[in-house]
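Participant: The structure file protein-v4.cif (mmCIF, C-alpha atoms, pLDDT in the B column; chains and numbers go by the auth columns) is provided below.
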```cif
data_start
#
loop_
_atom_site.group_PDB
_atom_site.id
_atom_site.type_symbol
_atom_site.label_atom_id
_atom_site.label_comp_id
_atom_site.label_asym_id
_atom_site.label_seq_id
_atom_site.Cartn_x
_atom_site.Cartn_y
_atom_site.Cartn_z
_atom_site.B_iso_or_equiv
_atom_site.auth_seq_id
_atom_site.auth_asym_id
ATOM 1 C CA MET A 1 1.345 -14.352 13.398 81.00 173 R
ATOM 2 C CA PRO A 2 -0.787 -11.220 13.547 95.00 174 R
ATOM 3 C CA ASP A 3 -2.062 -9.492 10.416 98.00 175 R
ATOM 4 C CA ILE A 4 -3.275 -5.984 9.584 98.00 176 R
ATOM 5 C CA LEU A 5 -6.563 -5.972 7.658 98.00 177 R
ATOM 6 C CA HIS A 6 -8.673 -3.086 6.354 98.00 178 R
ATOM 7 C CA ASP A 7 -11.720 -3.221 4.067 98.00 179 R
ATOM 8 C CA PHE A 8 -13.177 -0.042 2.583 98.00 180 R
ATOM 9 C CA PRO A 9 -14.863 1.340 -0.546 98.00 181 R
ATOM 10 C CA ILE A 10 -13.395 3.811 -3.028 98.00 182 R
ATOM 11 C CA ALA A 11 -15.751 5.705 -5.338 98.00 183 R
ATOM 12 C CA ALA A 12 -13.864 4.826 -8.532 98.00 184 R
ATOM 13 C CA GLU A 13 -13.493 1.961 -10.965 97.00 185 R
ATOM 14 C CA PRO A 14 -11.001 -0.813 -10.079 98.00 186 R
ATOM 15 C CA GLY A 15 -8.619 0.208 -12.884 97.00 187 R
ATOM 16 C CA ARG A 16 -8.092 3.664 -11.352 97.00 188 R
ATOM 17 C CA VAL A 17 -7.539 2.174 -7.916 98.00 189 R
ATOM 18 C CA PHE A 18 -5.082 -0.370 -9.326 98.00 190 R
ATOM 19 C CA GLU A 19 -3.087 2.399 -11.049 97.00 191 R
ATOM 20 C CA ALA A 20 -2.734 4.278 -7.733 98.00 192 R
ATOM 21 C CA LEU A 21 -1.521 1.069 -6.075 98.00 193 R
ATOM 22 C CA CYS A 22 0.969 -0.127 -8.681 97.00 194 R
ATOM 23 C CA SER A 23 2.457 2.891 -10.450 97.00 195 R
ATOM 24 C CA PRO A 24 5.321 4.779 -8.793 98.00 196 R
ATOM 25 C CA ALA A 25 3.450 8.079 -9.329 97.00 197 R
ATOM 26 C CA GLY A 26 0.362 6.582 -7.738 97.00 198 R
ATOM 27 C CA LEU A 27 2.289 5.257 -4.732 98.00 199 R
ATOM 28 C CA ASN A 28 4.066 8.599 -4.284 98.00 200 R
ATOM 29 C CA ALA A 29 0.717 10.385 -4.121 98.00 201 R
ATOM 30 C CA TRP A 30 -0.413 8.609 -0.949 98.00 202 R
ATOM 31 C CA TRP A 31 2.287 6.348 0.560 98.00 203 R
ATOM 32 C CA THR A 32 5.950 6.610 -0.455 98.00 204 R
ATOM 33 C CA LEU A 33 8.250 9.587 -0.799 97.00 205 R
ATOM 34 C CA ALA A 34 9.813 8.065 -3.931 98.00 206 R
ATOM 35 C CA ALA A 35 8.864 4.723 -5.466 98.00 207 R
ATOM 36 C CA GLU A 36 10.385 2.980 -8.455 98.00 208 R
ATOM 37 C CA GLY A 37 9.187 -0.178 -10.156 97.00 209 R
ATOM 38 C CA GLU A 38 7.184 -1.732 -12.949 95.00 210 R
ATOM 39 C CA PRO A 39 4.047 -3.781 -12.302 95.00 211 R
ATOM 40 C CA GLY A 40 4.444 -7.503 -12.890 97.00 212 R
ATOM 41 C CA VAL A 41 5.043 -10.698 -10.962 98.00 213 R
ATOM 42 C CA GLY A 42 8.662 -10.871 -9.814 98.00 214 R
ATOM 43 C CA GLN A 43 9.283 -7.160 -10.361 98.00 215 R
ATOM 44 C CA ARG A 44 11.300 -5.285 -7.734 98.00 216 R
ATOM 45 C CA TYR A 45 9.909 -2.032 -6.303 98.00 217 R
ATOM 46 C CA ARG A 46 12.032 0.463 -4.438 98.00 218 R
ATOM 47 C CA LEU A 47 9.912 1.992 -1.662 98.00 219 R
ATOM 48 C CA TYR A 48 11.758 5.034 -0.344 98.00 220 R
ATOM 49 C CA PHE A 49 10.446 6.788 2.768 97.00 221 R
ATOM 50 C CA GLY A 50 13.520 8.852 3.650 95.00 222 R
ATOM 51 C CA PRO A 51 17.031 8.253 5.031 95.00 223 R
ATOM 52 C CA GLY A 52 17.194 4.876 6.730 93.00 224 R
ATOM 53 C CA TYR A 53 13.945 3.743 5.118 95.00 225 R
ATOM 54 C CA ASP A 54 14.948 2.687 1.609 97.00 226 R
ATOM 55 C CA TRP A 55 12.969 -0.540 1.366 98.00 227 R
ATOM 56 C CA VAL A 56 12.298 -3.102 -1.357 98.00 228 R
ATOM 57 C CA GLY A 57 9.205 -5.119 -2.197 98.00 229 R
ATOM 58 C CA VAL A 58 8.990 -7.836 -4.833 98.00 230 R
ATOM 59 C CA MET A 59 5.634 -8.102 -6.563 98.00 231 R
ATOM 60 C CA ARG A 60 4.225 -11.579 -5.948 98.00 232 R
ATOM 61 C CA ARG A 61 0.686 -11.050 -7.286 98.00 233 R
ATOM 62 C CA HIS A 62 -0.351 -8.863 -10.199 98.00 234 R
ATOM 63 C CA GLN A 63 -3.789 -9.036 -11.783 98.00 235 R
ATOM 64 C CA PRO A 64 -4.640 -5.636 -13.302 97.00 236 R
ATOM 65 C CA GLY A 65 -7.765 -4.176 -11.764 97.00 237 R
ATOM 66 C CA ARG A 66 -8.059 -7.089 -9.341 98.00 238 R
ATOM 67 C CA GLU A 67 -5.052 -7.792 -7.142 98.00 239 R
ATOM 68 C CA ALA A 68 -1.549 -6.647 -6.217 98.00 240 R
ATOM 69 C CA GLU A 69 0.832 -7.979 -3.576 98.00 241 R
ATOM 70 C CA TRP A 70 4.439 -7.320 -2.587 98.00 242 R
ATOM 71 C CA GLU A 71 6.701 -9.389 -0.410 98.00 243 R
ATOM 72 C CA ILE A 72 8.828 -6.957 1.573 98.00 244 R
ATOM 73 C CA THR A 73 12.406 -8.180 1.135 98.00 245 R
ATOM 74 C CA GLU A 74 14.495 -5.250 2.409 98.00 246 R
ATOM 75 C CA ALA A 75 13.184 -3.242 5.378 97.00 247 R
ATOM 76 C CA ASP A 76 13.152 -3.134 9.150 95.00 248 R
ATOM 77 C CA ALA A 77 13.319 -6.606 10.702 96.00 249 R
ATOM 78 C CA ASP A 78 9.589 -6.637 11.547 96.00 250 R
ATOM 79 C CA TRP A 79 8.588 -5.916 7.930 97.00 251 R
ATOM 80 C CA ARG A 80 11.017 -8.298 6.183 97.00 252 R
ATOM 81 C CA GLY A 81 9.151 -11.265 4.782 98.00 253 R
ATOM 82 C CA THR A 82 5.726 -9.723 5.331 98.00 254 R
ATOM 83 C CA ARG A 83 3.251 -9.345 2.471 98.00 255 R
ATOM 84 C CA VAL A 84 1.387 -6.152 1.620 98.00 256 R
ATOM 85 C CA GLY A 85 -1.534 -6.638 -0.707 98.00 257 R
ATOM 86 C CA PHE A 86 -4.790 -5.395 -2.120 98.00 258 R
ATOM 87 C CA ARG A 87 -7.756 -7.266 -3.560 98.00 259 R
ATOM 88 C CA LEU A 88 -10.202 -5.177 -5.570 98.00 260 R
ATOM 89 C CA ARG A 89 -13.734 -5.902 -6.666 98.00 261 R
ATOM 90 C CA PRO A 90 -16.325 -3.712 -8.336 98.00 262 R
ATOM 91 C CA GLU A 91 -19.356 -3.046 -6.201 96.00 263 R
ATOM 92 C CA GLY A 92 -22.229 -0.724 -7.078 94.00 264 R
ATOM 93 C CA GLY A 93 -20.197 1.669 -9.237 93.00 265 R
ATOM 94 C CA ALA A 94 -17.314 1.748 -6.746 98.00 266 R
ATOM 95 C CA THR A 95 -14.418 -0.522 -5.781 98.00 267 R
ATOM 96 C CA GLN A 96 -14.355 -2.539 -2.600 98.00 268 R
ATOM 97 C CA VAL A 97 -10.751 -2.730 -1.355 98.00 269 R
ATOM 98 C CA GLU A 98 -9.523 -5.575 0.827 98.00 270 R
ATOM 99 C CA PHE A 99 -6.124 -4.573 2.206 98.00 271 R
ATOM 100 C CA TYR A 100 -3.827 -6.927 4.078 98.00 272 R
ATOM 101 C CA HIS A 101 -0.360 -6.800 5.613 98.00 273 R
ATOM 102 C CA THR A 102 0.355 -10.355 6.700 98.00 274 R
ATOM 103 C CA GLY A 103 3.197 -12.286 8.302 97.00 275 R
ATOM 104 C CA TRP A 104 4.122 -10.025 11.191 97.00 276 R
ATOM 105 C CA PRO A 105 6.432 -11.822 13.638 96.00 277 R
ATOM 106 C CA GLY A 106 4.415 -10.642 16.650 96.00 278 R
ATOM 107 C CA VAL A 107 2.411 -7.903 18.290 97.00 279 R
ATOM 108 C CA ASN A 108 4.926 -5.290 19.379 96.00 280 R
ATOM 109 C CA SER A 109 5.091 -1.485 19.301 96.00 281 R
ATOM 110 C CA HIS A 110 6.116 -1.470 15.599 95.00 282 R
ATOM 111 C CA TYR A 111 3.117 -3.645 14.688 97.00 283 R
ATOM 112 C CA ARG A 112 0.759 -1.399 16.667 97.00 284 R
ATOM 113 C CA THR A 113 2.207 1.756 15.071 96.00 285 R
ATOM 114 C CA SER A 114 1.931 0.193 11.614 97.00 286 R
ATOM 115 C CA CYS A 115 -1.764 -0.609 12.217 97.00 287 R
ATOM 116 C CA PHE A 116 -2.381 3.094 12.805 97.00 288 R
ATOM 117 C CA CYS A 117 -0.164 4.227 9.927 97.00 289 R
ATOM 118 C CA TRP A 118 -1.858 1.909 7.439 98.00 290 R
ATOM 119 C CA ALA A 119 -5.271 3.270 8.411 98.00 291 R
ATOM 120 C CA MET A 120 -4.006 6.808 7.833 97.00 292 R
ATOM 121 C CA TYR A 121 -2.301 5.982 4.518 98.00 293 R
ATOM 122 C CA LEU A 122 -5.317 4.074 3.205 98.00 294 R
ATOM 123 C CA ARG A 123 -7.493 7.066 4.028 98.00 295 R
ATOM 124 C CA LEU A 124 -5.125 9.183 1.914 98.00 296 R
ATOM 125 C CA LEU A 125 -5.335 6.619 -0.910 98.00 297 R
ATOM 126 C CA LYS A 126 -9.121 6.923 -0.883 98.00 298 R
ATOM 127 C CA ARG A 127 -9.019 10.729 -0.790 98.00 299 R
ATOM 128 C CA HIS A 128 -6.410 10.862 -3.560 98.00 300 R
ATOM 129 C CA ILE A 129 -8.433 8.686 -5.907 98.00 301 R
ATOM 130 C CA GLU A 130 -11.790 10.276 -5.134 98.00 302 R
ATOM 131 C CA THR A 131 -10.737 13.950 -5.064 98.00 303 R
ATOM 132 C CA GLY A 132 -7.227 14.157 -6.540 97.00 304 R
ATOM 133 C CA GLU A 133 -5.811 15.354 -3.225 97.00 305 R
ATOM 134 C CA VAL A 134 -2.107 14.813 -2.592 97.00 306 R
ATOM 135 C CA VAL A 135 -0.903 15.584 0.919 97.00 307 R
ATOM 136 C CA GLU A 136 2.716 16.663 1.343 96.00 308 R
ATOM 137 C CA TYR A 137 4.752 13.631 2.411 95.00 309 R
ATOM 138 C CA GLN A 138 5.880 15.100 5.750 94.00 310 R
ATOM 139 C CA ARG A 139 2.243 15.809 6.742 95.00 311 R
ATOM 140 C CA ARG A 140 0.614 12.513 5.718 95.00 312 R
ATOM 141 C CA LEU A 141 0.237 11.120 9.216 91.00 313 R
ATOM 142 C CA ASP A 142 -1.001 14.468 10.572 91.00 314 R
ATOM 143 C CA VAL A 143 -4.180 14.781 8.479 80.00 315 R
#
```
Could you show the structure in this file as structure tokens?
Facilitator:
Amino acid sequence: MPDILHDFPIAAEPGRVFEALCSPAGLNAWWTLAAEGEPGVGQRYRLYFGPGYDWVGVMRRHQPGREAEWEITEADADWRGTRVGFRLRPEGGATQVEFYHTGWPGVNSHYRTSCFCWAMYLRLLKRHIETGEVVEYQRRLDV
């Protein structure tokens, strides 16, 4: 099974990065249109991206400031059962982020598109945390 992996630094402490990853307001600033959920193992997150894209992830890993992971339980067929996660570690006054999206059923056009989209969204995560920038949802893959 292919995976999507991205490693990058964010000029902020791990706690700030973790908040942007696990709070609905944080997720809405860089990824989702409307998220709902409470951090904690076994907690259900609604990940809404617009009509036809009202997905659910169940938090499988939750270590504040260190790690977060969701198993995608309701989504397009390619995403169902995959795991989206982040490992964080402090490094020289910043946070090193190890992102993964594992368990893809195969390399197809949806996988290839998602590789690109994740790179774009993770860039917005970094910009949001470092500068406070929030890009309008409809323009997030254009900038």
Participant: Carefully work through the PyMOL selection byres ((chain R and resi 313) around 12) for this structure and note down the residues it includes, as an mmCIF file with C-alpha atoms, in the frame of the given file.
Facilitator:
```cif
data_model
loop_
_atom_site.group_PDB
_atom_site.id
_atom_site.type_symbol
_atom_site.label_atom_id
_atom_site.label_comp_id
_atom_site.auth_asym_id
_atom_site.auth_seq_id
_atom_site.Cartn_x
_atom_site.Cartn_y
_atom_site.Cartn_z
ATOM 1 C CA TRP R 202 -0.413 8.609 -0.949
ATOM 2 C CA TRP R 203 2.287 6.348 0.560
ATOM 3 C CA THR R 285 2.207 1.756 15.071
ATOM 4 C CA SER R 286 1.931 0.193 11.614
ATOM 5 C CA PHE R 288 -2.381 3.094 12.805
ATOM 6 C CA CYS R 289 -0.164 4.227 9.927
ATOM 7 C CA TRP R 290 -1.858 1.909 7.439
ATOM 8 C CA ALA R 291 -5.271 3.270 8.411
ATOM 9 C CA MET R 292 -4.006 6.808 7.833
ATOM 10 C CA TYR R 293 -2.301 5.982 4.518
ATOM 11 C CA LEU R 294 -5.317 4.074 3.205
ATOM 12 C CA ARG R 295 -7.493 7.066 4.028
ATOM 13 C CA LEU R 296 -5.125 9.183 1.914
ATOM 14 C CA VAL R 307 -0.903 15.584 0.919
ATOM 15 C CA GLU R 308 2.716 16.663 1.343
ATOM 16 C CA TYR R 309 4.752 13.631 2.411
ATOM 17 C CA GLN R 310 5.880 15.100 5.750
ATOM 18 C CA ARG R 311 2.243 15.809 6.742
ATOM 19 C CA ARG R 312 0.614 12.513 5.718
ATOM 20 C CA ASP R 314 -1.001 14.468 10.572
ATOM 21 C CA VAL R 315 -4.180 14.781 8.479
#
```
Participant: Which residues, named as in the file, does the PyMOL selection byres ((chain R and resi 185-200) around 8) pick out? Answer as a list in words.
Facilitator: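 This file gives the following for the PyMOL selection byres ((chain R and resi 185-200) around 8): Ile182, Ala183, Ala184, Ala201, Trp202, Trp203, Thr204, Leu205, Ala206, Ala207, Glu208, Gly209, Glu210, Pro211, Pro236, Gly237, Arg238, Glu239, Ala240, Leu260, Arg261, Pro262, Gly265, Ala266, Thr267, Leu297 and Ile301 of chain R.
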Participant: Translate the PyMOL selection byres ((chain R and resi 221-230) around 6) into a concrete residue list for this structure, as a short mmCIF file (atom, residue, chain, number, x, y, z; two decimals) with C-alpha atoms, in the coordinates of the input.
Facilitator:
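Dumped everything to out_19.cif:
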```
data_model
loop_
_atom_site.label_atom_id
_atom_site.label_comp_id
_atom_site.auth_asym_id
_atom_site.auth_seq_id
_atom_site.Cartn_x
_atom_site.Cartn_y
_atom_site.Cartn_z
CA THR R 204 5.95 6.61 -0.46
CA LEU R 205 8.25 9.59 -0.80
CA GLY R 214 8.66 -10.87 -9.81
CA GLN R 215 9.28 -7.16 -10.36
CA ARG R 216 11.30 -5.28 -7.73
CA TYR R 217 9.91 -2.03 -6.30
CA ARG R 218 12.03 0.46 -4.44
CA LEU R 219 9.91 1.99 -1.66
CA TYR R 220 11.76 5.03 -0.34
CA MET R 231 5.63 -8.10 -6.56
CA TRP R 242 4.44 -7.32 -2.59
CA GLU R 243 6.70 -9.39 -0.41
CA ILE R 244 8.83 -6.96 1.57
CA THR R 245 12.41 -8.18 1.14
CA GLU R 246 14.50 -5.25 2.41
CA ALA R 247 13.18 -3.24 5.38
#
```
Participant: For a cutoff of 7 Å around the file-coordinate point (0.2, -12.4, 14.5), which residues qualify once you count only C-alpha atoms? I'd like the result as a PyMOL selection string.
Facilitator: chain R and resi 173-175+275-279
Participant: Quick one: of R:Lys298, R:Arg232, R:Asp250, R:Ser281, who's nearest to Val269 of chain R, counting only C-alpha atoms?
Facilitator: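 Using only C-alpha atoms, the shortest distance to Val269 of chain R belongs to R:Lys298.
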Participant: One number please: atom CA of Thr254 of chain R to atom CA of His273 of chain R, in Å, one decimal.
Facilitator: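 Between atom CA of Thr254 of chain R and atom CA of His273 of chain R the gap is 6.8 Å.
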Participant: Can you list, as a list of chain:residue names, every protein, DNA or RNA residue that comes within 7 Å of His178 of chain R when you count all atoms listed in the file, leaving out same-chain residues fewer than 5 positions away?
Facilitator: R:Glu270, R:Phe271, R:Tyr272
Participant: Keeping only C-alpha atoms, write the selected residues to a file as a compact mmCIF listing (two decimals), in the coordinates of the input.
Facilitator:
```txt
# COMPACT_ATOMS: atom_id res chain seq x y z
CA GLU R 270 -9.52 -5.58 0.83
CA PHE R 271 -6.12 -4.57 2.21
CA TYR R 272 -3.83 -6.93 4.08
```
Participant: Of the candidates R:Arg233, R:Gly212, R:Glu263, R:Asp248, which one gets nearest to Tyr283 of chain R if we count all atoms listed in the file?
Facilitator: R:Asp248
Participant: Go ahead and compute the interatomic distance for atom CA of Gly257 of chain R and atom CA of Leu177 of chain R, in Å to one decimal.
Facilitator: 9.8 Å
Participant: Take every atom of segment 221-230 of chain R listed in the file, fit an axis-aligned box around them, add 8 Å per side, and give the centre and edge lengths in Å to one decimal as AutoDock Vina command-line options.
Facilitator:
```
--center_x 13.1 --center_y 0.5 --center_z 0.9 --size_x 24.2 --size_y 32.7 --size_z 27.6
```
